[in-house]
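Containing compact mmCIF, C-alpha atoms and all ligand atoms: input01.txt.
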# COMPACT_ATOMS: atom_id res chain seq x y z
CA MET Z 1 12.80 29.94 21.72
CA PRO Z 2 15.30 27.33 20.53
CA PRO Z 3 15.31 26.63 16.79
CA PRO Z 4 13.63 23.41 15.65
CA ARG Z 5 15.81 20.37 16.05
CA THR Z 6 17.49 18.93 12.99
CA GLU Z 7 17.06 15.19 12.69
CA ARG Z 8 18.28 12.59 10.29
CA SER Z 9 15.74 10.04 9.29
CA PRO Z 10 15.13 7.35 6.71
CA ALA Z 11 12.39 8.50 4.34
CA LEU Z 12 10.42 7.56 1.25
CA ILE Z 13 8.64 10.04 -1.00
CA LEU Z 14 4.91 9.44 -1.34
CA ARG Z 15 4.15 12.53 -3.38
CA SER Z 16 6.13 15.39 -4.85
CA VAL Z 17 4.76 18.72 -6.09
CA ASP Z 18 6.77 21.59 -7.57
CA PHE Z 19 6.23 24.79 -5.63
CA GLY Z 20 7.19 28.34 -6.59
CA GLU Z 21 10.20 28.79 -8.83
CA SER Z 22 12.57 26.30 -7.35
CA ASP Z 23 11.06 24.57 -4.31
CA ARG Z 24 9.35 21.27 -3.95
CA ILE Z 25 6.72 20.14 -1.45
CA LEU Z 26 7.03 16.51 -0.47
CA HIS Z 27 4.82 14.07 1.34
CA LEU Z 28 7.24 11.75 3.09
CA LEU Z 29 6.83 8.47 4.89
CA VAL Z 30 9.22 8.19 7.82
CA PRO Z 31 9.55 5.33 10.33
CA ASP Z 32 9.05 7.59 13.34
CA GLY Z 33 6.11 9.78 12.48
CA GLY Z 34 4.27 8.21 9.57
CA ARG Z 35 3.36 10.71 6.89
CA LEU Z 36 4.69 14.22 7.03
CA THR Z 37 4.70 17.19 4.69
CA ALA Z 38 7.96 19.01 4.14
CA ILE Z 39 9.33 21.69 1.87
CA ALA Z 40 12.65 21.22 0.10
CA LYS Z 41 13.75 24.77 -0.63
CA GLY Z 42 15.70 25.18 -3.83
CA ALA Z 43 15.24 21.48 -4.59
CA ARG Z 44 15.05 22.07 -8.31
CA ARG Z 45 18.24 24.17 -8.25
CA SER Z 46 20.49 22.83 -5.53
CA GLN Z 47 22.55 19.94 -6.85
CA LYS Z 48 24.66 20.08 -3.73
CA ARG Z 49 21.98 19.42 -1.12
CA PHE Z 50 19.70 17.11 -3.06
CA ALA Z 51 21.70 15.91 -6.08
CA GLY Z 52 18.79 14.30 -7.90
CA THR Z 53 17.72 12.27 -4.89
CA LEU Z 54 14.13 13.46 -4.55
CA ASP Z 55 12.47 10.94 -6.86
CA LEU Z 56 9.77 8.37 -6.23
CA PHE Z 57 11.03 4.90 -5.27
CA ASN Z 58 14.25 6.25 -3.80
CA GLU Z 59 15.09 5.16 -0.29
CA LEU Z 60 16.57 8.24 1.35
CA ARG Z 61 18.18 9.51 4.46
CA VAL Z 62 17.00 13.07 4.95
CA GLN Z 63 18.07 15.90 7.18
CA ILE Z 64 14.89 17.44 8.43
CA HIS Z 65 13.64 20.28 10.64
CA ARG Z 66 10.49 18.74 11.95
CA ARG Z 67 7.67 21.05 13.01
CA ARG Z 68 5.04 19.85 15.38
CA GLY Z 69 1.48 21.01 14.90
CA HIS Z 70 0.48 22.94 11.82
CA GLY Z 71 3.83 24.19 10.49
CA MET Z 72 5.44 22.54 7.50
CA SER Z 73 8.65 20.64 8.12
CA ARG Z 74 11.75 21.52 6.09
CA ILE Z 75 14.23 19.23 4.40
CA ASP Z 76 17.76 20.58 4.33
CA GLY Z 77 19.47 17.70 2.62
CA ALA Z 78 19.01 14.17 1.39
CA VAL Z 79 21.29 11.30 0.50
CA LEU Z 80 20.35 8.27 -1.52
CA VAL Z 81 20.42 5.00 0.41
CA ARG Z 82 19.06 2.83 -2.35
CA HIS Z 83 17.23 3.39 -5.58
CA HIS Z 84 14.75 0.77 -6.70
CA ALA Z 85 15.48 1.03 -10.40
CA ALA Z 86 13.24 -1.89 -11.43
CA LEU Z 87 10.20 0.16 -10.45
CA ARG Z 88 11.12 2.89 -12.88
CA THR Z 89 12.19 0.84 -15.85
CA ASP Z 90 9.16 -1.46 -16.14
CA PRO Z 91 5.87 0.39 -16.84
CA VAL Z 92 3.63 -2.11 -15.01
CA ARG Z 93 5.86 -2.13 -11.92
CA PHE Z 94 5.90 1.66 -12.09
CA ALA Z 95 2.10 1.79 -12.30
CA LEU Z 96 1.62 -0.58 -9.36
CA GLY Z 97 4.30 1.24 -7.35
CA CYS Z 98 2.66 4.64 -7.95
CA TYR Z 99 -0.70 3.19 -6.95
CA LEU Z 100 0.69 1.91 -3.65
CA LEU Z 101 2.38 5.23 -2.92
CA GLU Z 102 -0.90 7.06 -3.56
CA LEU Z 103 -2.68 4.60 -1.30
CA LEU Z 104 -0.19 5.23 1.51
CA ASP Z 105 -0.37 8.98 0.90
CA ARG Z 106 -4.14 8.82 1.46
CA LEU Z 107 -4.23 6.46 4.42
CA ALA Z 108 -0.93 6.75 6.31
CA PRO Z 109 -1.42 8.54 9.63
CA GLU Z 110 0.40 11.75 10.53
CA GLY Z 111 2.04 10.74 13.78
CA GLY Z 112 0.95 7.75 15.81
CA ALA Z 113 2.64 5.05 17.83
CA ALA Z 114 6.21 4.35 16.71
CA ARG Z 115 5.48 0.62 16.55
CA ASP Z 116 2.72 1.28 13.99
CA THR Z 117 4.56 3.81 11.86
CA ARG Z 118 7.70 1.64 11.76
CA ARG Z 119 5.62 -1.30 10.62
CA LEU Z 120 4.15 0.86 7.86
CA PHE Z 121 7.59 2.00 6.72
CA ARG Z 122 8.72 -1.64 6.71
CA PHE Z 123 5.72 -2.53 4.56
CA ALA Z 124 6.65 0.14 2.00
CA LEU Z 125 10.22 -1.20 1.70
CA ASP Z 126 8.91 -4.77 1.46
CA ALA Z 127 6.48 -3.70 -1.26
CA PHE Z 128 9.34 -2.19 -3.30
CA ALA Z 129 11.28 -5.45 -2.90
CA ALA Z 130 8.25 -7.55 -3.87
CA LEU Z 131 7.61 -5.40 -6.94
CA ALA Z 132 11.19 -5.86 -8.06
CA ALA Z 133 11.21 -9.62 -7.41
CA HIS Z 134 7.86 -10.80 -8.75
CA PRO Z 135 5.86 -10.35 -11.95
CA PRO Z 136 3.54 -7.38 -11.47
CA ASP Z 137 0.17 -9.02 -12.10
CA ALA Z 138 -3.31 -9.03 -10.56
CA VAL Z 139 -2.23 -11.56 -7.92
CA LEU Z 140 0.67 -9.41 -6.73
CA ARG Z 141 -1.56 -6.34 -6.76
CA THR Z 142 -4.10 -8.09 -4.56
CA ILE Z 143 -1.45 -9.33 -2.13
CA LEU Z 144 0.10 -5.87 -1.81
CA GLU Z 145 -3.27 -4.16 -1.36
CA LEU Z 146 -4.09 -6.61 1.42
CA ARG Z 147 -0.70 -6.22 3.06
CA ALA Z 148 -1.03 -2.43 2.85
CA LEU Z 149 -4.35 -2.62 4.69
CA ASP Z 150 -2.74 -4.87 7.29
CA ALA Z 151 0.20 -2.47 7.75
CA LEU Z 152 -2.26 0.42 8.14
CA GLY Z 153 -4.10 -1.40 10.93
CA MET Z 154 -7.09 -2.22 8.69
CA ARG Z 155 -6.63 -5.94 8.32
CA PRO Z 156 -9.88 -7.69 7.44
CA GLU Z 157 -10.99 -10.64 9.57
CA LEU Z 158 -10.41 -13.72 7.42
CA ARG Z 159 -10.55 -16.62 9.89
CA ARG Z 160 -13.55 -16.01 12.14
CA CYS Z 161 -17.07 -14.78 11.57
CA VAL Z 162 -17.33 -11.08 12.42
CA GLY Z 163 -20.88 -11.73 13.67
CA CYS Z 164 -20.50 -14.58 16.18
CA GLY Z 165 -16.74 -15.05 16.42
CA GLU Z 166 -16.86 -18.71 15.35
CA GLU Z 167 -13.96 -20.01 13.33
CA LEU Z 168 -15.13 -20.63 9.79
CA SER Z 169 -15.14 -24.19 8.58
CA SER Z 170 -15.41 -25.87 5.22
CA VAL Z 171 -18.97 -27.04 5.88
CA GLN Z 172 -20.36 -23.52 6.11
CA ASP Z 173 -21.52 -21.05 3.54
CA VAL Z 174 -19.08 -18.17 3.78
CA HIS Z 175 -19.64 -14.53 2.89
CA PHE Z 176 -17.84 -11.24 3.38
CA HIS Z 177 -19.23 -8.01 4.79
CA ILE Z 178 -17.23 -4.92 3.89
CA ALA Z 179 -18.48 -2.48 6.54
CA ASP Z 180 -18.28 -5.11 9.30
CA GLY Z 181 -14.70 -5.81 8.31
CA GLY Z 182 -14.56 -9.48 7.43
CA ALA Z 183 -15.97 -12.91 6.85
CA VAL Z 184 -19.50 -13.90 7.90
CA CYS Z 185 -20.77 -17.42 8.58
CA GLY Z 186 -23.95 -18.82 6.99
CA ALA Z 187 -26.07 -18.35 10.13
CA CYS Z 188 -25.04 -14.72 10.65
CA ALA Z 189 -25.44 -14.06 6.93
CA LEU Z 190 -29.20 -14.58 7.32
CA ARG Z 191 -29.35 -11.42 9.44
CA ARG Z 192 -27.28 -9.24 7.11
CA THR Z 193 -27.60 -7.58 3.74
CA GLY Z 194 -24.91 -6.37 1.35
CA LEU Z 195 -22.85 -9.55 1.56
CA LEU Z 196 -20.25 -10.55 -0.99
CA PRO Z 197 -19.85 -14.19 -1.92
CA VAL Z 198 -16.44 -15.68 -1.17
CA GLN Z 199 -14.93 -19.15 -1.05
CA LEU Z 200 -13.36 -20.33 2.19
CA GLY Z 201 -10.31 -21.38 0.16
CA THR Z 202 -9.89 -17.80 -1.03
CA LEU Z 203 -9.89 -16.51 2.56
CA ARG Z 204 -7.27 -19.13 3.47
CA ALA Z 205 -5.14 -18.03 0.50
CA LEU Z 206 -5.39 -14.40 1.61
CA GLU Z 207 -4.28 -15.38 5.10
CA ARG Z 208 -1.27 -17.10 3.54
CA ALA Z 209 -0.57 -13.95 1.51
CA LEU Z 210 -0.29 -12.00 4.75
CA ALA Z 211 2.00 -14.53 6.39
CA LEU Z 212 4.53 -15.14 3.61
CA GLU Z 213 7.95 -13.50 3.51
CA VAL Z 214 8.44 -11.10 0.60
CA GLY Z 215 10.70 -13.54 -1.22
CA GLN Z 216 8.05 -16.27 -0.99
CA LEU Z 217 5.13 -14.33 -2.48
CA GLY Z 218 5.61 -16.09 -5.82
CA ARG Z 219 4.49 -19.31 -4.10
CA LEU Z 220 0.95 -18.05 -3.78
CA VAL Z 221 -0.99 -19.43 -6.71
CA LEU Z 222 -4.63 -18.48 -7.19
CA SER Z 223 -7.01 -20.16 -9.61
CA PRO Z 224 -8.92 -17.73 -11.88
CA ARG Z 225 -11.98 -18.20 -9.64
CA ALA Z 226 -10.04 -17.55 -6.43
CA LEU Z 227 -8.42 -14.50 -7.99
CA GLU Z 228 -11.82 -13.17 -9.00
CA ASP Z 229 -13.06 -13.77 -5.43
CA ALA Z 230 -9.99 -12.16 -3.90
CA ARG Z 231 -10.10 -9.13 -6.21
CA ARG Z 232 -13.73 -8.50 -5.37
CA VAL Z 233 -13.26 -8.71 -1.61
CA VAL Z 234 -9.91 -6.93 -1.30
CA TYR Z 235 -10.68 -4.19 -3.80
CA ARG Z 236 -14.06 -3.34 -2.28
CA PHE Z 237 -12.65 -3.44 1.23
CA LEU Z 238 -9.85 -1.12 0.17
CA ARG Z 239 -12.22 1.22 -1.63
CA PHE Z 240 -14.39 1.37 1.48
CA HIS Z 241 -11.43 2.61 3.50
CA VAL Z 242 -9.97 4.94 0.87
CA GLY Z 243 -13.38 6.46 0.09
CA VAL Z 244 -12.54 7.57 -3.45
CA GLU Z 245 -11.03 6.06 -6.57
CA LEU Z 246 -7.29 6.63 -6.50
CA GLN Z 247 -6.04 8.74 -9.41
CA SER Z 248 -3.48 6.13 -10.39
CA GLN Z 249 -6.00 3.28 -10.44
CA ARG Z 250 -7.16 3.52 -14.05
CA PHE Z 251 -3.62 3.72 -15.32
CA LEU Z 252 -2.79 0.62 -13.28
CA ASP Z 253 -5.90 -1.21 -14.52
CA ARG Z 254 -4.91 -0.47 -18.12
CA MET Z 255 -1.31 -1.51 -17.64
CA LEU Z 256 -2.27 -4.78 -15.95
CA ALA Z 257 -4.89 -5.58 -18.60
CA ALA Z 258 -2.31 -5.02 -21.34
CA ARG Z 259 0.18 -7.30 -19.55
CA ALA Z 260 -2.39 -9.99 -18.58
CA PRO Z 261 -1.65 -13.52 -19.82
CA SER Z 262 -3.90 -15.06 -22.43
CA ALA Z 263 -7.15 -16.86 -21.62
CA GLY Z 264 -6.84 -19.88 -19.36
CA ASN Z 265 -4.38 -18.19 -17.03
CA PRO Z 266 -5.16 -15.89 -14.11
CA ARG Z 267 -6.72 -12.75 -15.49
CA VAL Z 268 -7.67 -9.29 -14.47
CA VAL Z 269 -11.30 -9.03 -13.51
CA SER Z 270 -13.44 -5.97 -13.16
CA VAL Z 271 -14.86 -5.38 -9.71
ZN ZN Z 301 -21.39 -16.08 12.58

As structure tokens, how would this structure be written, given the file I've shared?
Amino acid sequence: MPPPRTERSPALILRSVDFGESDRILHLLVPDGGRLTAIAKGARRSQKRFAGTLDLFNELRVQIHRRRGHGMSRIDGAVLVRHHAALRTDPVRFALGCYLLELLDRLAPEGGAARDTRRLFRFALDAFAALAAHPPDAVLRTILELRALDALGMRPELRRCVGCGEELSSVQDVHFHIADGGAVCGACALRRTGLLPVQLGTLRALERALALEVGQLGRLVLSPRALEDARRVVYRFLRFHVGVELQSQRFLDRMLAARAPSAGNPRVVSV
């Protein structure tokens, strides 16, 4: 049987766990393949092969023996393409970055269509860039959560009613249904329970948040009320898909609360 093929691939580290005396087990995100688990043998000893590259928020090019099926892949070397230093030097950026990595580690598929996994990898790089470029606040958190869901193929329906398909208009009462995956018009709301209130303007702002380029995200301004609306809808939708509270969430909540501007400005709300 021929030995497994060695490939070179761009990669990001989603999770890193020390294993044995000198190895490390990594959850990687790669453009062709989504999430994969790989062992880096001797990673804590070998300066030659890894040279301090295997840290969170490093964009890498790895040399990998990829196993199909149940076997664990193996990383034989890694070079640093780019390190996103801003995410390590600012504690709030770090907290939000770790939260997004944990989110991807939970929800990123193992395998899947290349178009989908490449889009997910692109999202992760865009998120690093956005975190470096914009103040890490509750607005940015909400935008990145929503964009993560979109990149994972879990985009909520924001423009049309998930019940009847009608485009929502400003004359209607608008609601949001988590399990049904999006907005609900006033008429369809009468036949549903478990609805969340939401303003149409908030849904429009969230649509804009999905459409903007990374460098333009600072243009999205949310009033305190819209932010509260958006946090409620996006957080609960995310939680529905993740199923559990992410371990990094409380740390992020604390860091954002400590950094939140004084009263009168957008604020962190509990959901
Ligand atoms: Zn409807």

Hey, could you make a per-residue contact list for chain Z against ligand ZN 301 (chain Z) with 7 Å as the cut-off, showing the nearest pair of atoms and its distance in Å to one decimal, counting only C-alpha atoms and all ligand atoms, sorted by chain and number, as CSV?
residue,atom,partner,partner_atom,distance
Z:Cys161,CA,Z:ZN301,ZN,4.6
Z:Val162,CA,Z:ZN301,ZN,6.4
Z:Gly163,CA,Z:ZN301,ZN,4.5
Z:Cys164,CA,Z:ZN301,ZN,4.0
Z:Gly165,CA,Z:ZN301,ZN,6.1
Z:Glu166,CA,Z:ZN301,ZN,5.9
Z:Val184,CA,Z:ZN301,ZN,5.5
Z:Cys185,CA,Z:ZN301,ZN,4.3
Z:Gly186,CA,Z:ZN301,ZN,6.7
Z:Ala187,CA,Z:ZN301,ZN,5.7
Z:Cys188,CA,Z:ZN301,ZN,4.3

Residues from the last selection, C-alpha atoms, saved as a short mmCIF file (atom, residue, chain, number, x, y, z; two decimals), in the coordinates of the input:
data_model
loop_
_atom_site.label_atom_id
_atom_site.label_comp_id
_atom_site.auth_asym_id
_atom_site.auth_seq_id
_atom_site.Cartn_x
_atom_site.Cartn_y
_atom_site.Cartn_z
CA CYS Z 161 -17.07 -14.78 11.57
CA VAL Z 162 -17.33 -11.08 12.42
CA GLY Z 163 -20.88 -11.73 13.67
CA CYS Z 164 -20.50 -14.58 16.18
CA GLY Z 165 -16.74 -15.05 16.42
CA GLU Z 166 -16.86 -18.71 15.35
CA VAL Z 184 -19.50 -13.90 7.90
CA CYS Z 185 -20.77 -17.42 8.58
CA GLY Z 186 -23.95 -18.82 6.99
CA ALA Z 187 -26.07 -18.35 10.13
CA CYS Z 188 -25.04 -14.72 10.65
#

Using all atoms listed in the file, find the one residue out of Z:Ala132, Z:Val214, Z:Ile75, Z:Val62 that sits nearest to Z:Ile39.
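Among the listed residues, the smallest separation from Z:Ile39 belongs to Z:Ile75.
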
May I have the centre and edge lengths, in Å to one decimal, of an axis-aligned box around the listed atoms of stretch 235-248 of chain Z with 3 Å added to every side, as lines of an AutoDock Vina configuration file?
center_x = -8.9
center_y = 2.3
center_z = -3.4
size_x = 16.9
size_y = 18.9
size_z = 19.9

Which residues, written as a PyMOL selection string, have at least one atom at most 9 Å from Z:Cys98, with only C-alpha atoms counted and residues fewer than 5 positions away on the same chain left out?
chain Z and resi 14+56-57+93+103+248+252

Please list as an NGL selection string every residue within 10 Å of Z:Thr37, counting all atoms listed in the file and excluding residues in the same chain fewer than 2 positions away.
:Z and (13-16 or 25-29 or 35 or 39 or 66-67 or 71-75 or 110)

So that I have them on file, write out the residues from the current selection with C-alpha atoms, as a compact mmCIF listing (two decimals), in the coordinates of the input.
# COMPACT_ATOMS: atom_id res chain seq x y z
CA ILE Z 13 8.64 10.04 -1.00
CA LEU Z 14 4.91 9.44 -1.34
CA ARG Z 15 4.15 12.53 -3.38
CA SER Z 16 6.13 15.39 -4.85
CA ILE Z 25 6.72 20.14 -1.45
CA LEU Z 26 7.03 16.51 -0.47
CA HIS Z 27 4.82 14.07 1.34
CA LEU Z 28 7.24 11.75 3.09
CA LEU Z 29 6.83 8.47 4.89
CA ARG Z 35 3.36 10.71 6.89
CA ILE Z 39 9.33 21.69 1.87
CA ARG Z 66 10.49 18.74 11.95
CA ARG Z 67 7.67 21.05 13.01
CA GLY Z 71 3.83 24.19 10.49
CA MET Z 72 5.44 22.54 7.50
CA SER Z 73 8.65 20.64 8.12
CA ARG Z 74 11.75 21.52 6.09
CA ILE Z 75 14.23 19.23 4.40
CA GLU Z 110 0.40 11.75 10.53

Starting from the sparse input, extend stretch 48-61 of chain Z to N, CA and C atoms and give the output as a short mmCIF file (atom, residue, chain, number, x, y, z; two decimals), in the frame of the given file.
data_model
loop_
_atom_site.label_atom_id
_atom_site.label_comp_id
_atom_site.auth_asym_id
_atom_site.auth_seq_id
_atom_site.Cartn_x
_atom_site.Cartn_y
_atom_site.Cartn_z
N LYS Z 48 23.80 20.44 -4.85
CA LYS Z 48 24.66 20.08 -3.73
C LYS Z 48 23.85 19.39 -2.62
N ARG Z 49 22.72 19.97 -2.26
CA ARG Z 49 21.98 19.42 -1.12
C ARG Z 49 21.13 18.20 -1.50
N PHE Z 50 20.65 18.18 -2.72
CA PHE Z 50 19.70 17.11 -3.06
C PHE Z 50 20.19 16.19 -4.18
N ALA Z 51 21.02 16.72 -5.06
CA ALA Z 51 21.70 15.91 -6.08
C ALA Z 51 20.82 14.83 -6.73
N GLY Z 52 19.66 15.24 -7.17
CA GLY Z 52 18.79 14.30 -7.90
C GLY Z 52 18.25 13.16 -7.07
N THR Z 53 18.17 13.37 -5.75
CA THR Z 53 17.72 12.27 -4.89
C THR Z 53 16.21 12.22 -4.72
N LEU Z 54 15.52 13.35 -4.97
CA LEU Z 54 14.13 13.46 -4.55
C LEU Z 54 13.17 12.87 -5.59
N ASP Z 55 13.34 11.63 -5.90
CA ASP Z 55 12.47 10.94 -6.86
C ASP Z 55 11.71 9.82 -6.17
N LEU Z 56 10.55 9.50 -6.74
CA LEU Z 56 9.77 8.37 -6.23
C LEU Z 56 10.62 7.09 -6.28
N PHE Z 57 10.39 6.21 -5.36
CA PHE Z 57 11.03 4.90 -5.27
C PHE Z 57 12.50 4.99 -4.85
N ASN Z 58 12.92 6.16 -4.40
CA ASN Z 58 14.25 6.25 -3.80
C ASN Z 58 14.12 6.10 -2.30
N GLU Z 59 15.02 5.28 -1.75
CA GLU Z 59 15.09 5.16 -0.29
C GLU Z 59 16.12 6.19 0.15
N LEU Z 60 15.72 7.09 1.02
CA LEU Z 60 16.57 8.24 1.35
C LEU Z 60 16.92 8.29 2.82
N ARG Z 61 17.94 9.06 3.09
CA ARG Z 61 18.18 9.51 4.46
C ARG Z 61 18.13 11.03 4.40
#
